[in-house]
$ cat input_24.cif   # mmCIF, C-alpha atoms
data_coords
#
loop_
_atom_site.label_atom_id
_atom_site.label_comp_id
_atom_site.auth_asym_id
_atom_site.auth_seq_id
_atom_site.Cartn_x
_atom_site.Cartn_y
_atom_site.Cartn_z
CA MET A 1 34.27 111.67 -0.94
CA SER A 2 34.81 115.37 -1.53
CA ILE A 3 37.84 117.54 -0.85
CA ARG A 4 37.10 121.21 -0.35
CA LEU A 5 40.02 123.61 -0.92
CA PHE A 6 39.66 127.02 0.72
CA ALA A 7 41.92 129.91 1.68
CA GLY A 8 42.67 128.68 5.19
CA GLY A 9 43.16 124.98 4.50
CA LEU A 10 41.33 121.95 3.18
CA SER A 11 38.53 119.68 4.36
CA PHE A 12 37.66 116.08 3.57
CA PHE A 13 33.97 115.17 3.52
CA GLY A 14 32.59 111.66 3.31
CA TYR A 15 28.99 110.62 2.70
CA GLN A 16 27.56 107.11 2.46
CA PRO A 17 23.97 107.31 1.09
CA ALA A 18 23.05 103.79 2.18
CA SER A 19 23.77 104.40 5.86
CA GLY A 20 23.42 108.18 5.90
CA ARG A 21 26.85 108.44 7.49
CA ILE A 22 28.56 111.82 7.14
CA ALA A 23 32.06 112.68 8.30
CA ARG A 24 34.32 115.72 8.08
CA GLU A 25 38.06 116.21 8.59
CA THR A 26 39.69 119.66 8.42
CA TYR A 27 43.39 120.32 7.88
CA PRO A 28 44.28 124.02 8.32
CA TYR A 29 47.32 125.53 6.64
CA VAL A 30 50.13 126.30 9.07
CA GLU A 31 52.38 129.32 8.64
CA GLY A 32 55.84 128.30 7.46
CA LYS A 33 54.63 124.92 6.20
CA ASP A 34 54.22 124.23 2.49
CA ARG A 35 50.57 123.76 1.50
CA ILE A 36 51.31 120.77 -0.68
CA GLU A 37 52.83 119.07 2.37
CA THR A 38 49.60 119.67 4.29
CA LEU A 39 47.67 117.98 1.49
CA ARG A 40 50.13 115.08 1.35
CA GLU A 41 49.80 114.49 5.09
CA ALA A 42 46.01 114.79 4.90
CA LEU A 43 45.81 112.12 2.19
CA ALA A 44 47.98 109.81 4.29
CA GLN A 45 46.11 110.39 7.56
CA SER A 46 42.50 110.66 6.38
CA SER A 47 40.18 107.90 7.53
CA ILE A 48 37.52 109.17 5.10
CA ALA A 49 39.83 108.47 2.16
CA ARG A 50 39.92 104.82 3.27
CA TRP A 51 36.15 104.31 3.46
CA GLU A 52 35.17 101.27 1.44
CA GLY A 53 33.58 102.28 -1.86
CA ASN A 54 34.15 105.96 -1.16
CA ARG A 55 36.05 106.52 -4.38
CA LEU A 56 33.12 105.69 -6.62
CA MET A 57 32.68 109.46 -6.70
CA THR A 58 35.57 111.64 -5.63
CA CYS A 59 35.50 115.34 -6.34
CA VAL A 60 37.31 118.52 -5.43
CA LEU A 61 35.73 121.92 -4.81
CA THR A 62 37.99 124.93 -5.17
CA GLN A 63 37.47 128.62 -4.47
CA SER A 64 40.14 129.82 -6.90
CA PRO A 65 39.42 132.84 -9.15
CA ALA A 66 37.06 131.93 -12.00
CA MET A 67 35.63 133.40 -15.17
CA GLN A 68 32.43 132.66 -17.10
CA VAL A 69 32.35 132.36 -20.89
CA PRO A 70 29.20 131.92 -23.03
CA LEU A 71 29.21 128.50 -24.65
CA GLU A 72 28.88 130.01 -28.12
CA CYS A 73 32.25 131.71 -27.54
CA PHE A 74 33.95 128.85 -25.68
CA ARG A 75 36.56 126.50 -27.15
CA LYS A 76 38.20 124.12 -24.69
CA GLU A 77 41.56 124.44 -26.44
CA GLU A 78 41.41 128.19 -25.79
CA ALA A 79 40.51 127.92 -22.09
CA TYR A 80 44.07 128.49 -20.84
CA ALA A 81 44.60 131.51 -23.09
CA LEU A 82 41.28 133.04 -21.99
CA TYR A 83 42.18 132.59 -18.34
CA ARG A 84 45.63 134.15 -18.81
CA LEU A 85 44.07 137.21 -20.42
CA THR A 86 41.88 137.74 -17.36
CA TYR A 87 44.06 136.92 -14.36
CA SER A 88 47.52 137.90 -13.19
CA SER A 89 50.62 135.71 -13.09
CA GLY A 90 49.64 134.36 -9.67
CA GLU A 91 47.06 132.06 -11.27
CA ARG A 92 48.80 131.39 -14.58
CA ASN A 93 50.80 128.38 -13.40
CA GLY A 94 47.78 126.33 -12.38
CA LYS A 95 46.16 123.54 -14.37
CA VAL A 96 43.12 124.97 -16.15
CA TYR A 97 39.76 123.21 -15.73
CA TYR A 98 36.26 124.14 -16.74
CA ASN A 99 32.71 123.18 -15.77
CA ILE A 100 29.84 123.38 -18.25
CA LEU A 101 26.66 124.96 -16.86
CA PRO A 102 23.97 123.69 -19.27
CA HIS A 103 21.05 125.80 -18.03
CA LEU A 104 23.02 129.03 -18.13
CA GLU A 105 24.86 127.99 -21.30
CA ILE A 106 28.23 129.08 -19.97
CA ALA A 107 31.60 127.53 -19.17
CA GLN A 108 33.12 128.24 -15.76
CA ILE A 109 36.92 128.36 -16.15
CA PHE A 110 39.23 128.06 -13.14
CA THR A 111 42.59 126.65 -12.11
CA ILE A 112 43.99 124.08 -9.70
CA ASP A 113 47.54 124.50 -8.45
CA ASN A 114 49.80 122.24 -10.54
CA GLU A 115 51.32 120.39 -7.58
CA VAL A 116 47.93 119.95 -5.91
CA GLU A 117 46.35 118.66 -9.12
CA LYS A 118 49.20 116.21 -9.74
CA LEU A 119 49.13 114.83 -6.20
CA LEU A 120 45.34 114.40 -6.15
CA CYS A 121 45.28 112.67 -9.53
CA GLN A 122 48.02 110.28 -8.38
CA HIS A 123 46.20 109.31 -5.19
CA LEU A 124 42.62 109.45 -6.48
CA PRO A 125 42.31 108.27 -10.09
CA GLY A 126 39.18 109.54 -11.80
CA ILE A 127 38.83 112.53 -9.49
CA ARG A 128 36.63 115.36 -10.74
CA PHE A 129 37.28 119.07 -10.24
CA TYR A 130 34.54 121.65 -9.68
CA HIS A 131 34.51 125.31 -8.85
CA SER A 132 32.63 126.11 -5.65
CA HIS A 133 30.26 128.47 -7.50
CA THR A 134 29.30 126.14 -10.34
CA MET A 135 26.37 124.28 -8.80
CA ILE A 136 25.19 127.36 -6.90
CA LEU A 137 24.86 129.34 -10.13
CA GLU A 138 22.85 126.53 -11.72
CA LYS A 139 20.62 125.88 -8.71
CA MET A 140 19.68 129.50 -8.06
CA TRP A 141 18.92 129.96 -11.76
CA MET A 142 16.36 127.14 -11.44
CA LEU A 143 14.74 128.91 -8.46
CA GLU A 144 14.75 132.38 -10.02
CA LYS A 145 11.38 134.09 -9.59
CA GLN A 146 10.03 135.35 -12.87
CA GLY A 147 9.02 138.99 -12.92
CA ILE A 148 11.16 139.90 -9.90
CA ARG A 149 14.71 141.12 -10.30
CA GLN A 150 17.04 139.61 -7.72
CA ILE A 151 20.69 139.93 -6.81
CA TYR A 152 22.40 137.12 -4.87
CA ALA A 153 25.32 137.18 -2.45
CA TYR A 154 26.88 133.89 -1.33
CA PHE A 155 29.05 134.18 1.80
CA GLN A 156 31.84 131.67 2.31
CA GLU A 157 34.81 132.05 4.69
CA LYS A 158 35.99 135.65 4.12
CA GLU A 159 34.61 136.01 0.60
CA MET A 160 31.31 137.13 -0.90
CA PHE A 161 30.27 135.94 -4.36
CA VAL A 162 27.74 138.30 -5.95
CA PHE A 163 25.72 137.30 -9.00
CA ALA A 164 22.52 138.15 -10.85
CA TYR A 165 20.48 136.94 -13.82
CA GLN A 166 18.63 138.84 -16.49
CA GLU A 167 16.30 137.31 -19.08
CA GLN A 168 17.40 133.85 -17.88
CA ARG A 169 21.06 134.60 -18.54
CA LEU A 170 23.89 135.35 -16.14
CA ALA A 171 24.12 139.15 -16.04
CA TYR A 172 26.77 139.60 -13.35
CA ALA A 173 29.25 137.48 -11.34
CA ASN A 174 32.15 138.63 -9.20
CA SER A 175 33.78 137.94 -5.84
CA PHE A 176 34.65 140.43 -3.10
CA ALA A 177 36.40 140.36 0.25
CA ALA A 178 33.82 139.93 3.02
CA ASP A 179 35.75 139.97 6.28
CA VAL A 180 34.21 143.31 7.37
CA THR A 181 30.44 143.83 7.41
CA GLU A 182 30.49 147.44 6.22
CA ASN A 183 32.75 146.60 3.28
CA ALA A 184 30.47 143.76 2.17
CA VAL A 185 27.47 146.11 2.30
CA TYR A 186 29.34 148.72 0.28
CA PHE A 187 30.29 146.23 -2.45
CA LEU A 188 26.75 144.85 -2.63
CA LEU A 189 25.15 148.27 -2.94
CA SER A 190 27.70 149.26 -5.57
CA VAL A 191 26.74 146.25 -7.70
CA TRP A 192 23.06 146.98 -7.02
CA LYS A 193 23.52 150.50 -8.35
CA SER A 194 25.55 149.38 -11.41
CA LEU A 195 22.75 146.96 -12.37
CA GLU A 196 20.21 149.79 -11.97
CA MET A 197 18.06 147.81 -9.57
CA ASP A 198 15.06 149.31 -7.78
CA ALA A 199 15.48 149.74 -4.00
CA HIS A 200 11.74 149.20 -3.39
CA ALA A 201 10.71 146.59 -5.97
CA ASP A 202 13.77 144.34 -6.40
CA CYS A 203 15.21 141.79 -3.96
CA CYS A 204 18.60 141.00 -2.44
CA VAL A 205 19.05 137.32 -1.49
CA LEU A 206 21.81 136.30 0.93
CA LEU A 207 23.11 132.73 0.91
CA GLY A 208 25.71 130.70 2.76
CA GLU A 209 26.87 130.13 6.29
CA HIS A 210 29.37 132.93 6.94
CA GLY A 211 28.95 134.73 10.27
CA ILE A 212 28.55 138.26 8.88
CA LYS A 213 25.61 137.36 6.62
CA HIS A 214 22.99 138.31 9.20
CA ALA A 215 24.76 141.57 10.07
CA VAL A 216 24.92 142.46 6.37
CA ALA A 217 21.18 141.77 6.05
CA GLN A 218 20.38 144.11 8.95
CA ILE A 219 22.30 147.01 7.41
CA LEU A 220 20.97 146.38 3.89
CA ALA A 221 17.42 146.56 5.26
CA LYS A 222 17.99 150.27 5.89
CA TYR A 223 18.44 150.86 2.15
CA LEU A 224 16.48 148.07 0.42
CA THR A 225 12.88 147.06 0.97
CA HIS A 226 13.32 143.37 0.15
CA VAL A 227 16.26 141.53 1.77
CA GLU A 228 16.04 137.77 2.27
CA GLU A 229 18.34 135.43 4.18
CA ILE A 230 18.08 131.98 2.60
CA HIS A 231 19.24 128.79 4.29
CA ALA A 232 20.04 125.40 2.82
CA THR A 233 16.82 123.92 4.23
CA ASP A 234 14.82 126.55 2.32
CA ILE A 235 16.29 125.38 -0.98
CA TYR A 236 16.67 121.63 -0.44
CA ARG A 237 13.51 120.90 1.49
CA ARG A 238 13.47 117.19 0.63
CA SER A 239 17.11 116.50 1.44
CA THR A 240 18.16 115.37 4.91
CA LEU A 241 21.68 116.56 4.07
CA ALA A 242 20.49 120.17 4.18
CA LYS A 243 19.81 119.80 7.91
CA ASP A 244 23.47 119.06 8.67
CA PRO A 245 25.26 122.34 9.52
CA GLN A 246 28.70 120.86 8.90
CA ILE A 247 28.07 120.65 5.13
CA PRO A 248 28.91 123.96 3.39
CA PHE A 249 26.32 125.23 0.92
CA ASP A 250 28.55 124.84 -2.14
CA LEU A 251 29.30 121.22 -1.25
CA LEU A 252 25.64 120.52 -0.51
CA ALA A 253 24.69 121.81 -3.98
CA LEU A 254 27.26 119.49 -5.54
CA TRP A 255 26.21 116.44 -3.54
CA VAL A 256 22.49 116.88 -4.12
CA ASN A 257 23.05 117.37 -7.84
CA ASN A 258 25.29 114.32 -8.23
CA ILE A 259 24.16 111.87 -5.56
CA ILE A 260 20.55 112.37 -4.53
#

$ encode --input "input_24.cif" --output "C-alpha cells"
Amino acid sequence: MSIRLFAGGLSFFGYQPASGRIARETYPYVEGKDRIETLREALAQSSIARWEGNRLMTCVLTQSPAMQVPLECFRKEEAYALYRLTYSSGERNGKVYYNILPHLEIAQIFTIDNEVEKLLCQHLPGIRFYHSHTMILEKMWMLEKQGIRQIYAYFQEKEMFVFAYQEQRLAYANSFAADVTENAVYFLLSVWKSLEMDAHADCCVLLGEHGIKHAVAQILAKYLTHVEEIHATDIYRRSTLAKDPQIPFDLLALWVNNII
C-alpha cells in the first residue's frame, strides 16, 4: 500500500502483484477542516488499508519542499540543520527524513508534518517515507543519453519539477508553480538559459500526467528544436502497471523499483 500526499489532499493506492489488483481511494482536503482529521478519517475508512498482507510494504510519497546534498557532504545528524538553513519557518516544524540516491550519490532531504508522521507511524508500523522526486531522479539518470544534453520537467498537479544532469551528476533541481502554461514555459526557458543549453542541439524532455504538459510542449517547440513528451509506457515498457492511467508517474517509479 502507498499513501500519496499532495497539495489538494491524499490518495491511498493498493497493489497486489499476485492477482494484479490495483485500487485507488482519494480524500481531498476540505476548506475549514483540519488536514490531520482528513487523514485520520481516511485511515479509518480505507478498504485498501485492510487488504490482507497489504502492509508488507507500506510507503508514503510526499511533495514537500526538498533539497539535495552530495553524499560526501552529508551527515544524517546534520540533516535537520541543513534543511532549516534552506527553508523558511513553514517547513521547520516537520519531521526530517532523507532518501539516499546511490547512482547520483546524493541525499534527498525533506520533511513530513509532525502530526501526519506520528499518526501514520502509529497506524502503520514500519512505514517508509519517500519524496516524490527520489525515484524519478534515479530512473531518468539511468536513461540519460550520453553525448546529448537534456533538461527534464516533471509535471504533477500544479507543480513542475525541473532537473538536469551533467557528467553523470545532478546539475540542477528545482520546483516551480505550473498552473499556467505560459508561466511554466517561462520558468523552463529561464533554466535552459542559465544552464547555457543549445536551442538546436540539446533536448527538453517533459514527463508526468499534468494537463498542461502538452500545451507547454507546443509552445516550447517554437523556441527549441528538440522537445519530447515522454509517457510512463515509454520508460517502463515491460511493466503492465505503466498502462494504468490511475497510477501517477512518481508512484509508478517507486513501485517498479521496489516491487517488480

$ closest_residue --input "input_24.cif" --among "A:Phe74, A:Phe129, A:Tyr186, A:Phe161" --to "Glu105 (chain A)" --atoms "only C-alpha atoms"
A:Phe74

$ residues_around --input "input_24.cif" --residues "Asp179 (chain A)" --least-positions-apart "5" --cutoff "8 Å" --atoms "only C-alpha atoms" --output "VMD selection string"
chain A and resid 158 to 159 184 212

$ write_last_selection --input "input_24.cif" --atoms "C-alpha atoms" --output "PDB file, keeping the file's coordinate frame"
ATOM      1  CA  LYS A 158      35.990 135.650   4.120  1.00  0.00           C
ATOM      2  CA  GLU A 159      34.610 136.010   0.600  1.00  0.00           C
ATOM      3  CA  ALA A 184      30.470 143.760   2.170  1.00  0.00           C
ATOM      4  CA  ILE A 212      28.550 138.260   8.880  1.00  0.00           C
TER       5      ILE A 212
END

$ resolve_selection --input "input_24.cif" --expression "the PyMOL selection byres ((chain A and resi 136) around 9)" --output "number ranges by chain"
A: 132-135, 137-141, 154, 249-250, 253-254

$ residues_around --input "input_24.cif" --residues "region 21-32 of chain A" --least-positions-apart "2" --cutoff "7 Å" --atoms "all atoms listed in the file" --output "number ranges by chain"
A: 8-16, 19, 34-35, 38, 42

$ closest_residue --input "input_24.cif" --among "A:Leu120, A:Val205, A:Ala49, A:Ala44" --to "His231 (chain A)" --atoms "only C-alpha atoms"
A:Val205

$ closest_residue --input "input_24.cif" --among "A:Gly147, A:Gly208, A:Pro125, A:Pro102" --to "Gln246 (chain A)" --atoms "only C-alpha atoms"
A:Gly208

$ resolve_selection --input "input_24.cif" --expression "the PyMOL selection byres ((chain A and resi 67) around 12)" --output "number ranges by chain"
A: 63-66, 68-70, 74, 79-80, 82-87, 96-100, 106-111, 131, 133-134, 170, 172-175

$ closest_residue --input "input_24.cif" --among "A:Leu61, A:Ile127, A:Ile148, A:Ile247" --to "Asp202 (chain A)" --atoms "all atoms listed in the file"
A:Ile148

$ resolve_selection --input "input_24.cif" --expression "the PyMOL selection byres ((chain A and resi 149) around 10)" --output "PyMOL selection string"
chain A and resi 144-148+150-151+164-167+197-198+201-204

$ atom_distance --input "input_24.cif" --atom1 "CA of Tyr152 (chain A)" --atom2 "CA of Leu206 (chain A)"
5.9 Å

$ closest_residue --input "input_24.cif" --among "A:Lys213, A:Arg4, A:Lys222, A:Arg40" --to "Thr62 (chain A)" --atoms "all atoms listed in the file"
A:Arg4

$ closest_residue --input "input_24.cif" --among "A:Leu39, A:Ile112, A:Ala171, A:Ile219" --to "Ser194 (chain A)" --atoms "all atoms listed in the file"
A:Ala171

$ atom_distance --input "input_24.cif" --atom1 "CA of Tyr223 (chain A)" --atom2 "CA of Met142 (chain A)"
27.4 Å

$ atom_distance --input "input_24.cif" --atom1 "CA of His226 (chain A)" --atom2 "CA of Asp244 (chain A)"
27.7 Å

$ residues_around --input "input_24.cif" --residues "Val180 (chain A)" --least-positions-apart "2" --cutoff "12 Å" --atoms "all atoms listed in the file" --output "NGL selection string"
:A and (155 or 157-160 or 176-178 or 182-187 or 210-213 or 215-216)

$ build_atoms --input "input_24.cif" --residues "region 100-111 of chain A" --atoms "all heavy atoms" --output "PDB file, in the coordinates of the input"
ATOM      1  N   ILE A 100      30.898 122.918 -17.354  1.00  0.00           N
ATOM      2  CA  ILE A 100      29.840 123.380 -18.250  1.00  0.00           C
ATOM      3  C   ILE A 100      28.550 123.522 -17.448  1.00  0.00           C
ATOM      4  O   ILE A 100      28.124 122.589 -16.771  1.00  0.00           O
ATOM      5  CB  ILE A 100      29.619 122.403 -19.416  1.00  0.00           C
ATOM      6  CG1 ILE A 100      30.908 122.272 -20.253  1.00  0.00           C
ATOM      7  CG2 ILE A 100      28.458 122.860 -20.290  1.00  0.00           C
ATOM      8  CD1 ILE A 100      31.359 123.565 -20.910  1.00  0.00           C
ATOM      9  N   LEU A 101      27.941 124.700 -17.515  1.00  0.00           N
ATOM     10  CA  LEU A 101      26.660 124.960 -16.860  1.00  0.00           C
ATOM     11  C   LEU A 101      25.585 124.947 -17.938  1.00  0.00           C
ATOM     12  O   LEU A 101      25.370 125.966 -18.618  1.00  0.00           O
ATOM     13  CB  LEU A 101      26.679 126.302 -16.130  1.00  0.00           C
ATOM     14  CG  LEU A 101      27.494 126.377 -14.827  1.00  0.00           C
ATOM     15  CD1 LEU A 101      28.975 126.233 -15.063  1.00  0.00           C
ATOM     16  CD2 LEU A 101      27.202 127.670 -14.086  1.00  0.00           C
ATOM     17  N   PRO A 102      24.885 123.822 -18.128  1.00  0.00           N
ATOM     18  CA  PRO A 102      23.970 123.690 -19.270  1.00  0.00           C
ATOM     19  C   PRO A 102      22.781 124.635 -19.251  1.00  0.00           C
ATOM     20  O   PRO A 102      22.366 125.115 -20.309  1.00  0.00           O
ATOM     21  CB  PRO A 102      23.523 122.221 -19.182  1.00  0.00           C
ATOM     22  CG  PRO A 102      23.757 121.829 -17.759  1.00  0.00           C
ATOM     23  CD  PRO A 102      24.964 122.586 -17.328  1.00  0.00           C
ATOM     24  N   HIS A 103      22.218 124.910 -18.075  1.00  0.00           N
ATOM     25  CA  HIS A 103      21.050 125.800 -18.030  1.00  0.00           C
ATOM     26  C   HIS A 103      21.431 127.233 -18.362  1.00  0.00           C
ATOM     27  O   HIS A 103      20.687 127.942 -19.065  1.00  0.00           O
ATOM     28  CB  HIS A 103      20.387 125.747 -16.653  1.00  0.00           C
ATOM     29  CG  HIS A 103      19.766 124.424 -16.335  1.00  0.00           C
ATOM     30  ND1 HIS A 103      20.408 123.467 -15.595  1.00  0.00           N
ATOM     31  CD2 HIS A 103      18.569 123.885 -16.684  1.00  0.00           C
ATOM     32  CE1 HIS A 103      19.631 122.397 -15.485  1.00  0.00           C
ATOM     33  NE2 HIS A 103      18.511 122.626 -16.134  1.00  0.00           N
ATOM     34  N   LEU A 104      22.565 127.666 -17.875  1.00  0.00           N
ATOM     35  CA  LEU A 104      23.020 129.030 -18.130  1.00  0.00           C
ATOM     36  C   LEU A 104      23.781 129.156 -19.443  1.00  0.00           C
ATOM     37  O   LEU A 104      24.089 130.268 -19.872  1.00  0.00           O
ATOM     38  CB  LEU A 104      23.911 129.498 -16.973  1.00  0.00           C
ATOM     39  CG  LEU A 104      23.172 129.842 -15.681  1.00  0.00           C
ATOM     40  CD1 LEU A 104      24.157 130.048 -14.544  1.00  0.00           C
ATOM     41  CD2 LEU A 104      22.340 131.094 -15.875  1.00  0.00           C
ATOM     42  N   GLU A 105      24.136 128.015 -20.022  1.00  0.00           N
ATOM     43  CA  GLU A 105      24.860 127.990 -21.300  1.00  0.00           C
ATOM     44  C   GLU A 105      26.167 128.765 -21.204  1.00  0.00           C
ATOM     45  O   GLU A 105      26.494 129.602 -22.046  1.00  0.00           O
ATOM     46  CB  GLU A 105      23.979 128.527 -22.431  1.00  0.00           C
ATOM     47  CG  GLU A 105      22.717 127.702 -22.658  1.00  0.00           C
ATOM     48  CD  GLU A 105      21.880 128.226 -23.809  1.00  0.00           C
ATOM     49  OE1 GLU A 105      22.243 129.252 -24.411  1.00  0.00           O
ATOM     50  OE2 GLU A 105      20.852 127.587 -24.115  1.00  0.00           O
ATOM     51  N   ILE A 106      26.923 128.469 -20.143  1.00  0.00           N
ATOM     52  CA  ILE A 106      28.230 129.080 -19.970  1.00  0.00           C
ATOM     53  C   ILE A 106      29.244 128.021 -19.534  1.00  0.00           C
ATOM     54  O   ILE A 106      28.871 126.941 -19.059  1.00  0.00           O
ATOM     55  CB  ILE A 106      28.226 130.215 -18.929  1.00  0.00           C
ATOM     56  CG1 ILE A 106      27.798 129.673 -17.550  1.00  0.00           C
ATOM     57  CG2 ILE A 106      27.349 131.367 -19.363  1.00  0.00           C
ATOM     58  CD1 ILE A 106      27.889 130.708 -16.448  1.00  0.00           C
ATOM     59  N   ALA A 107      30.515 128.355 -19.694  1.00  0.00           N
ATOM     60  CA  ALA A 107      31.600 127.530 -19.170  1.00  0.00           C
ATOM     61  C   ALA A 107      32.267 128.302 -18.041  1.00  0.00           C
ATOM     62  O   ALA A 107      32.575 129.486 -18.187  1.00  0.00           O
ATOM     63  CB  ALA A 107      32.619 127.229 -20.266  1.00  0.00           C
ATOM     64  N   GLN A 108      32.447 127.639 -16.914  1.00  0.00           N
ATOM     65  CA  GLN A 108      33.120 128.240 -15.760  1.00  0.00           C
ATOM     66  C   GLN A 108      34.573 127.782 -15.805  1.00  0.00           C
ATOM     67  O   GLN A 108      34.867 126.595 -15.678  1.00  0.00           O
ATOM     68  CB  GLN A 108      32.446 127.779 -14.471  1.00  0.00           C
ATOM     69  CG  GLN A 108      33.091 128.290 -13.206  1.00  0.00           C
ATOM     70  CD  GLN A 108      32.300 129.376 -12.549  1.00  0.00           C
ATOM     71  OE1 GLN A 108      31.737 130.225 -13.223  1.00  0.00           O
ATOM     72  NE2 GLN A 108      32.246 129.374 -11.236  1.00  0.00           N
ATOM     73  N   ILE A 109      35.509 128.704 -16.013  1.00  0.00           N
ATOM     74  CA  ILE A 109      36.920 128.360 -16.150  1.00  0.00           C
ATOM     75  C   ILE A 109      37.659 128.739 -14.875  1.00  0.00           C
ATOM     76  O   ILE A 109      37.502 129.847 -14.358  1.00  0.00           O
ATOM     77  CB  ILE A 109      37.552 129.080 -17.361  1.00  0.00           C
ATOM     78  CG1 ILE A 109      36.738 128.819 -18.632  1.00  0.00           C
ATOM     79  CG2 ILE A 109      38.990 128.618 -17.561  1.00  0.00           C
ATOM     80  CD1 ILE A 109      37.242 129.589 -19.846  1.00  0.00           C
ATOM     81  N   PHE A 110      38.494 127.819 -14.380  1.00  0.00           N
ATOM     82  CA  PHE A 110      39.230 128.060 -13.140  1.00  0.00           C
ATOM     83  C   PHE A 110      40.526 127.240 -13.168  1.00  0.00           C
ATOM     84  O   PHE A 110      40.768 126.487 -14.117  1.00  0.00           O
ATOM     85  CB  PHE A 110      38.381 127.675 -11.928  1.00  0.00           C
ATOM     86  CG  PHE A 110      37.915 126.242 -11.939  1.00  0.00           C
ATOM     87  CD1 PHE A 110      38.601 125.255 -11.240  1.00  0.00           C
ATOM     88  CD2 PHE A 110      36.783 125.866 -12.664  1.00  0.00           C
ATOM     89  CE1 PHE A 110      38.175 123.930 -11.252  1.00  0.00           C
ATOM     90  CE2 PHE A 110      36.345 124.540 -12.687  1.00  0.00           C
ATOM     91  CZ  PHE A 110      37.045 123.576 -11.984  1.00  0.00           C
ATOM     92  N   THR A 111      41.339 127.398 -12.158  1.00  0.00           N
ATOM     93  CA  THR A 111      42.590 126.650 -12.110  1.00  0.00           C
ATOM     94  C   THR A 111      42.743 125.883 -10.800  1.00  0.00           C
ATOM     95  O   THR A 111      42.163 126.247  -9.781  1.00  0.00           O
ATOM     96  CB  THR A 111      43.821 127.571 -12.264  1.00  0.00           C
ATOM     97  OG1 THR A 111      43.809 128.534 -11.220  1.00  0.00           O
ATOM     98  CG2 THR A 111      43.834 128.257 -13.619  1.00  0.00           C
TER      99      THR A 111
END
